[in-house]
Every structure is written in C-alpha cells, then in structure tokens.
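Data first, discussion second: the structure below is written as structure tokens.
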Amino acid sequence: MPARKIIVIGSGFGGLGSAVRLQTKGYQVELVEARDKLGGRAYVYEQDGFKFDAGPTVITAPFMIDDLFTGAGRKTADYVRIVPVDPFYRIEFHDGRSFSYGGDERETERRVAEFSPQDVEGYRAMIRATKAIFAKGFTELSDRPFLKFGDMMKVAPDLIRLQSYKTVYQFVSGYIKDDLLRRVFSFHPLLVGGNPFQTTSIYALIHHLEREWGVHYAMGGTGAVVNGLGRLFHELGGEVRLNAPVKRILTADGAASGVVLESGEQILADAVVSNADIANTYRLMLPPGERRRNSNRHLEKMRYSMSLFVIYFGTRKQYPNLAHHTIILCERYRGLLDEIFNTKTLPEDFSVYLHRPSATDPTMAPPGNDCFYVLIPVPNQQSGIDWKTQAKPFRDRVMKFLDEQYMPGLLENLATERCFTPLDFETTLRSYAGAAFSFEPIFRQSAWFRPHNESEDIRHLYFAGAGTHPGAGVPGVLSSAKIVEKLICERLPN
Ligand SMILES: Cc1cc2nc3c(=O)[nH]c(=O)nc-3n(C[C@H](O)[C@H](O)[C@H](O)COP(=O)(O)OP(=O)(O)OC[C@H]3O[C@@H](n4cnc5c(N)ncnc54)[C@H](O)[C@@H]3O)c2cc1C
C-alpha cells in the first residue's frame with residue numbers, strides 16, 4: 001500500500017510541526033505555503049546586513065522543539081543551537097524604576113522584596129498556585145483534543161477548583177498588592193493575544209512555564225529553528241511548495257480530498273491539515289453550504305485578538321545597556337488595554353516590547369551595529385484604522401519616544417528599517433481581522449469552545465496553529481501539531 005497523502009496548508013510552527021510529525025509517522029506530506037519562505041509569523045527579513053526575526057523571539061519549552069527532532073531519530077543540536085537567555089525580561093516603568101527577573105528563583109524573590117517588601121509572601125503563594133494551574137493546563141490538557149462537550153465537562157471541576165473563571169489580573173491581584181508588580185506578573189497573556197483583564201487565569205501558567213524550562217533563544221534567530229525543521233522535513237522525504245497559495249479545499253462526500261491552488265492546480269490527498277488562519281480557512285476555502293457549524297455569521301461573532309505594529313530596525317551604534325528582552329510599560333495599564341481590545345481606538349500612549357537579539361547573538365547585525373524590533377499592541381482591523389495613512393505618524397511617535405527616553409542618538413544612527421502593520425497581518429499573513437494571534441484567548445473561546453483540531457463540518461480536515469486548541473505561542477501551536485498527529489494516526493492509520 002502506498003503511504004497516505006496529507007496536505008498541510010501553511011508553514012508556521014503549527015504547520016511545520018504537523019508536517020514533520022506526520023512525515024516521521026510514514027505519511028507522504030506535502031507542505032503548501034503561500035509565501036516565498038517557510039515560517040509564517042516566524043518569517044525572516046534580511047536587509048542591509050541585518051537579520052530580523054519577524055515574529056517569535058522568546059522560546060519557552062524548548063523540549064517541544066527537541067521532540068520533533070528526536071521523534072525523527074535526530075538531535076536538535078545538529079540543526080540549531082538553542083541557548084538560555086538571562087534575565088528573561090527587564091520591565092521598565094513610567095516612573096523610571098525597573099524590574100528584571102530570570103531563572104534564579106531566590107534572586108527574583110530578592111527583587112520582589114526590594115521592590116515591594118509586603119509582597120514576598122504573596123509572590124511565593126502565587127508561584128505555588130501557578131504550579132497547580134501549570135500541572136493541569138499545560139502538562140495535562142495542552143496536547144489533548146477537546147472534540148466533545150463531554151471532554152470539557154470532565155475537566156470542569158478542575159477548572160472551577162483552579163478558579164479559571166477569574167482573569168489573570170484578578171488572579172495575580174489576589175496575591176500581589178503593588179500596582180506595578182501586578183503588571184509584571186500579569187502581562188503574559190499579551191504574548192498570546194490576550195488582555196490580562198479578560199483572559200482566563202489558566203494563562204497564569206505562562207510565568208510558570210518560563211520558570212520551569214527558562215527562556216531561550218536560537219542562535220541565528222528563530223529563523224534558524226524554522227530552517228532546521230525545513231531541513232529535517234526535506235531529509236524525511238517531505239515535499240514543500242512555496243509561493244503556492246491555496247484557494248479552495250476540495251471535498252468528496254463530506255470529507256476533505258485535496259486542495260486547489262490559486263494557480264488552478266489541484267492536489268489530491270487523503271486528509272488536509274490547515275495551519276492557515278482558521279476563520280479564513282472556513283470563510284474563503286470552503287463553500288457556506290458545507291459548513292453548518294462554522295458559518296460566516298458564527299465566525300464573525302467570535303472575538304479576535306489584538307493586532308501588532310512592529311518596526312524592525314538596525315542601528316550603526318550599539319546600545320549595550322539594553323537587555324535582550326525589554327518591556328516598556330506606560331503609565332496606563334487597564335485603560336490602555338481597554339482601548340486596544342474593546343473600544344478599538346489607537347491610544348495616544350503605548351507600551352512596547354523591545355527585542356535586541358544582538359545582545360546574545362552578534363551575527364544578527366554587521367560588526368559594531370545593533371539589531372532590534374519594537375512591537376506595540378494595537379487594535380485589530382475591526383477598528384477601521386487606516387494604516388496606509390496612520391503607519392508613518394505612528395512609527396514617528398514610537399521612534400521619537402525611544403530616541404528620547406531609551407536609545408539616545410537612535411534617529412541619527414538608523415541603518416535600516418521596515419514596518420509590519422495590522423494591514424500586513426490581514427494581507428501578507430491572510431489573517432482574519434488582521435489579528436496577530438487569531439481568536440482572543442478568553443474562557444468562552446478556550447478548549448472545547450475554541451475551534452476544534454478536527455473540523456466539526458468536514459471529515460479529514462484538521463487544524464494546527466494559533467486559532468485552534470490550545471492556542472497561540474510557539475508551545476501552543478506545537479502542541480496542536482501533536483494533537484493533529486494523534487488524530488490522523490487514529491482516523492487514517494497508515
Ligand atoms: C510579532 C510577533 C511576536 C511573537 N512573539 C512570540 C514569542 O516570542 N514567543 C512565542 O512563543 N510566540 C510568539 N508569538 C506568537 C507565535 O509566533 C504564533 O502564535 C505562532 O508562531 C503562530 O504559528 P501558526 O502555526 O499559527 O502559524 P502562522 O505563523 O500564523 O503561519 C500560518 C502560515 O499559513 C500561511 N497561509 C495562510 N493562508 C494560506 C493559504 N491560503 N495558502 C497557503 N498558505 C497560507 C501563511 O502564509 C503562514 O505562513 C509572536 C507573534 C507575533 C506576530
């Protein structure tokens with residue numbers, strides 16, 4: 001019997017992870033990507049001697065990347081070198097104070113004591129509580145499919161016990177009194193597209209994830225992980241097609257049977273895994289008559305994550321005082337997030353994440369230069385903001401702020417620059433509403449309530465990526481790839 005053929009649409013980490021896993025299991029996998037390179041949000045821009053990772057920069061749970069290599073009988077180190085980064089984050093506040101934390105628990109406690117002596121006991125208690133959430137939310141549930149309502153009911157008592165009905169901010173505030181420390185230990189949902197004031201406290205596990213395995217960086221950038229997985233997939237016999245956007249998913253008797261590319265070419269298969277945006281997979285690739293559950297109306301009613309405005313830039317001088325990962329928080333927290341997520345207006349002020357990979361890896365910039373990106377959460381495209389006219393003034397405000405407050409001489413020393421706006425998320429990455437992280441990770445869009453890893457409408461159509469269970473972030477989408485592997489091996493054994 002020839003191996004069963006699987007098409008994977010999209011080469012983000014969820015798509016690459018699924019492709020490698022299924023090819024390892026003996027399926028014949030063809031990975032079909034719209035863009036000219038692999039990686040999806042982890043695309044790499046190279047310009048004027050600088051290398052910019054477009055998206056993910058923080059690698060938590062590196063064992064999930066190891067799993068893909070070791071599962072195929074290889075060693076990660078033969079493909080990519082992943083190193084720890086310390087401190088994990090340096091957080092700068094509007095009042096001139098800062099707080100950094102890393103892998104040394106005692107050191108973090110010492111810093112909490114220095115910053116807010118009254119919060120040491122609360123911090124310890126919070127860490128104990130996140131451990132329980134982590135054991136349930138990550139270890140037990142992140143790579144388990146939630147296909148039936150019964151699956152949700154089985155875990156409901158645990159979710160109630162862990163107070164998942166609380167938001168991350170409420171959870172943290174139950175332990176920490178200092179207003180700024182509350183921000184330090186509650187900003188994590190933003191890393192996966194959630195508002196700390198709306199996201200279920202299950203996401204408090206991200207801080208525990210950092211403590212458990214550390215924060216890592218791939219030498220050569222996250223793009224080196226993408227290249228390593230691409231090479232592995234090729235060595236295993238997988239096929240890749242770039243510049244090949246999928247127009248439609250073919251179905252026969254209610255089951256996915258292949259895809260039609262925008263070029264008109266048809267590729268037949270036994271199953272299709274979509275790593276493309278889920279709302280757009282349903283809305284654009286399948287006719288309304290074939291999807292009872294995932295109608296346009298249903299998809300339009302869901303809540304989508306915020307978007308991002310990202311400026312990639314290189315400087316002719318270096319800024320050795322800046323850490324690898326810096327978060328600069330403005331004075332407002334709840335109000336700012338409310339404007340971004342709910343009223344969807346472009347705020348006057350902003351909080352940013354500043355990435356300086358050349359702090360760890362000088363190869364990202366020419367000698368004596370520095371490589372950066374600055375990322376600012378902004379409303380998604382449901383805001384109606386016209387980025388064609390707003391991008392330039394917004395960019396100017398952000399760069400002026402950095403120049404004046406944190407990076408003296410920045411504007412005179414810019415060597416190269418490019419921007420990625422919510423409009424690019426919508427067009428280049430084909431994401432519904434230009435959402436940077438797909439569906440917002442709120443309780444009523446998590447686990448069984450999130451679009452399932454196996455389509456409820458079309459048999460043999462599976463989903464891996466940010467929009468399905470468990471959700472966005474590299475560990476999340478790699479977990480979804482593991483679920484898809486399990487489901488396909490069960491449903492369509494080779
Ligand atoms: C700026 C930024 C920074 C981030 N930082 C971090 C971080 O530090 N750590 C972390 O863990 N996570 C981070 N994240 C989140 C993480 O990057 C994403 O959740 C994850 O990479 C998404 O992977 P995915 O599998 O959903 O696929 P995506 O990366 O979304 O890729 C989907 C792919 O599908 C392709 N596609 C779409 N439509 C079609 C079509 N019709 N035909 C063919 N192909 C198609 C797209 O071109 C794309 O390549 C960040 C995200 C962003 C945007």
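Labeling convention for the structure tokens: chains A, B, ... as they appear, residues from 1 per chain, ligands from 1 in order of appearance.
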Inset, instruction - Please give me, as an NGL selection string, the residues lying within 7 Å of ligand 1 when counting only C-alpha atoms and all ligand atoms. - result: :A and (9-15 or 32-35 or 38-42 or 54-60 or 191-192 or 244-247 or 275-277 or 308 or 310 or 375 or 428-430 or 436-437 or 464-467 or 472-475 or 477)
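Neighbouring residues of Tyr123 in chain A at 10 Å or closer, counting only C-alpha atoms and skipping chain neighbours under 3 positions away, are Thr108, Glu109, Val112, Ala113, Gln118, Asp119, Val120, Met126, Ile127, Arg128, Ala129, Val172, Tyr175, Ile176, Lys177, Leu181 and Phe185 of chain A.
The nearest approach to Glu412 in chain A among the residues A:His452, A:Arg332, A:His325, A:Arg316, with only C-alpha atoms taken into account, belongs to A:Arg316.
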Which range 364-384 of chain A residues have any atom within 12 Å of an atom of range 390-397 of chain A, and for each, what is the nearest pair of atoms with distance in Å to one decimal, counting only C-alpha atoms, rows sorted by chain and number, as a tab-separated table?
residue	atom	partner	partner_atom	distance
A:Val374	CA	A:Arg395	CA	10.1
A:Leu375	CA	A:Arg395	CA	10.8
A:Ile376	CA	A:Arg395	CA	10.1
A:Val378	CA	A:Phe394	CA	10.6
A:Gly384	CA	A:Gln390	CA	11.1
Those selected residues, please, written with C-alpha atoms and delivered as an mmCIF file, in the first residue's frame.
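Output (selection16.cif):
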data_model
loop_
_atom_site.group_PDB
_atom_site.id
_atom_site.type_symbol
_atom_site.label_atom_id
_atom_site.label_comp_id
_atom_site.auth_asym_id
_atom_site.auth_seq_id
_atom_site.Cartn_x
_atom_site.Cartn_y
_atom_site.Cartn_z
ATOM 1 C CA VAL A 374 9.938 47.126 18.651
ATOM 2 C CA LEU A 375 6.460 45.648 18.921
ATOM 3 C CA ILE A 376 3.406 47.621 20.003
ATOM 4 C CA VAL A 378 -2.656 47.928 18.674
ATOM 5 C CA GLY A 384 -11.271 50.740 10.902
#
Inset, instruction - To one decimal in Å, tell me the separation between CA of Gly264 in chain A and CA of Gln23 in chain A. - result: 25.9 Å
Legend entry - Selection near range 291-295 of chain A, 12 Å with only C-alpha atoms, sequence-local residues under 6 positions removed, as JSON, numbers by chain: {"A": [251, 254, 255, 278, 279, 280, 281, 282, 283, 284, 285, 301, 302, 450, 451, 452, 455, 456, 457, 458, 459, 461]}
Output the selection as a PDB file, in the first residue's frame - C-alpha atoms for each residue.
ATOM      1  CA  THR A 251     -14.274  17.781  -0.630  1.00  0.00           C
ATOM      2  CA  GLY A 254     -18.253  15.497   3.143  1.00  0.00           C
ATOM      3  CA  ALA A 255     -14.546  14.729   3.530  1.00  0.00           C
ATOM      4  CA  ILE A 278      -8.971  29.228  10.784  1.00  0.00           C
ATOM      5  CA  ALA A 279     -11.616  31.896  10.181  1.00  0.00           C
ATOM      6  CA  ASN A 280     -10.244  32.406   6.677  1.00  0.00           C
ATOM      7  CA  THR A 281      -9.874  28.675   6.035  1.00  0.00           C
ATOM      8  CA  TYR A 282     -13.609  28.292   6.607  1.00  0.00           C
ATOM      9  CA  ARG A 283     -14.733  31.578   5.088  1.00  0.00           C
ATOM     10  CA  LEU A 284     -12.575  31.545   1.955  1.00  0.00           C
ATOM     11  CA  MET A 285     -11.655  27.933   1.263  1.00  0.00           C
ATOM     12  CA  LYS A 301     -19.369  36.837  16.124  1.00  0.00           C
ATOM     13  CA  MET A 302     -16.185  35.479  17.693  1.00  0.00           C
ATOM     14  CA  ARG A 450     -12.145  27.058  20.606  1.00  0.00           C
ATOM     15  CA  PRO A 451     -12.405  25.791  17.003  1.00  0.00           C
ATOM     16  CA  HIS A 452     -11.506  22.117  17.276  1.00  0.00           C
ATOM     17  CA  SER A 455     -13.296  20.075  11.808  1.00  0.00           C
ATOM     18  CA  GLU A 456     -16.869  19.628  13.014  1.00  0.00           C
ATOM     19  CA  ASP A 457     -18.085  20.220   9.451  1.00  0.00           C
ATOM     20  CA  ILE A 458     -15.703  18.361   7.127  1.00  0.00           C
ATOM     21  CA  ARG A 459     -14.233  14.945   7.824  1.00  0.00           C
ATOM     22  CA  LEU A 461      -9.879  18.279   7.798  1.00  0.00           C
TER      23      LEU A 461
END
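In terms of minimum interatomic distance to Phe63 in chain A, A:Gly214 ranks closest within A:His94, A:Gly214, A:Met306, A:Gln266, counting only C-alpha atoms.
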Inset, instruction - From a DSSP pass on the backbone, collect the residues of range 174-319 of chain A flagged as strand (DSSP E or B) and hand them back as number ranges by chain. - result: A: 200, 216-218, 239-241, 246-252, 255-261, 266-268, 271-274, 304, 307-315
Legend entry - All residues 12 Å or closer to Leu402 in chain A, only C-alpha atoms, same chain fewer than 2 positions away omitted, as a PyMOL selection string: chain A and resi 311+319+322+328+350-354+372-374+395-400+404-411
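Within range 36-69 of chain A, DSSP applied to the backbone places the following residues in helix (DSSP H, G or I): Gly40, Arg41, Ala42, Phe63, Met64, Ile65, Asp66, Asp67, Leu68 and Phe69 of chain A.
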Inset, instruction - Rank nothing, just name the residue among A:Gln382, A:Ile249, A:Ser164, A:Ile442 nearest to Leu268 in chain A, using only C-alpha atoms. - result: A:Ile249
Inset, instruction - Write out as a list in words the residues lying within 7 Å of Ala359 in chain A, counting only C-alpha atoms and excluding same-chain residues fewer than 3 positions away. - result: Ala323, His324, Arg356 and Pro362 of chain A
Residue selection dump (N, CA, C and O atoms) as a PDB file, in the first residue's frame:
ATOM      1  N   ALA A 323      18.769  45.204  27.501  1.00  0.00           N
ATOM      2  CA  ALA A 323      18.757  43.745  27.639  1.00  0.00           C
ATOM      3  C   ALA A 323      18.250  43.114  26.333  1.00  0.00           C
ATOM      4  O   ALA A 323      17.799  43.804  25.424  1.00  0.00           O
ATOM      5  N   HIS A 324      18.322  41.799  26.257  1.00  0.00           N
ATOM      6  CA  HIS A 324      17.803  41.095  25.075  1.00  0.00           C
ATOM      7  C   HIS A 324      16.291  41.326  24.941  1.00  0.00           C
ATOM      8  O   HIS A 324      15.797  41.604  23.849  1.00  0.00           O
ATOM      9  N   ARG A 356      16.278  42.897  21.337  1.00  0.00           N
ATOM     10  CA  ARG A 356      17.650  43.198  20.902  1.00  0.00           C
ATOM     11  C   ARG A 356      18.425  41.881  20.800  1.00  0.00           C
ATOM     12  O   ARG A 356      19.203  41.526  21.690  1.00  0.00           O
ATOM     13  N   PRO A 362      25.729  38.282  18.081  1.00  0.00           N
ATOM     14  CA  PRO A 362      26.230  39.388  17.256  1.00  0.00           C
ATOM     15  C   PRO A 362      26.051  39.158  15.752  1.00  0.00           C
ATOM     16  O   PRO A 362      26.123  40.113  14.976  1.00  0.00           O
TER      17      PRO A 362
END
Legend entry - Pick from A:Gly230, A:Gly17, A:Lys154, A:Tyr169 nearest to Lys37 in chain A, counting only C-alpha atoms: A:Gly230
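Take CA of Val273 in chain A and CA of Phe463 in chain A: the distance between them is 5.4 Å.
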Inset, instruction - Would you kindly return, as a ChimeraX atom specification, each protein, DNA or RNA residue with an atom no farther than 8 Å from any atom of Gly26 in chain A, considering only C-alpha atoms and excluding same-chain residues fewer than 2 positions away? - result: /A:3,22-24,28,494
Restrict the selected residues to C-alpha atoms and save them as a PDB file, in the first residue's frame.
ATOM      1  CA  ALA A   3       1.593   5.856   2.118  1.00  0.00           C
ATOM      2  CA  LEU A  22       3.233  13.065  10.077  1.00  0.00           C
ATOM      3  CA  GLN A  23       6.141  12.502   7.696  1.00  0.00           C
ATOM      4  CA  THR A  24       8.002  10.817  10.584  1.00  0.00           C
ATOM      5  CA  GLN A  28       3.532  11.351   2.463  1.00  0.00           C
ATOM      6  CA  ASN A 494      -1.111   4.252   7.514  1.00  0.00           C
TER       7      ASN A 494
END
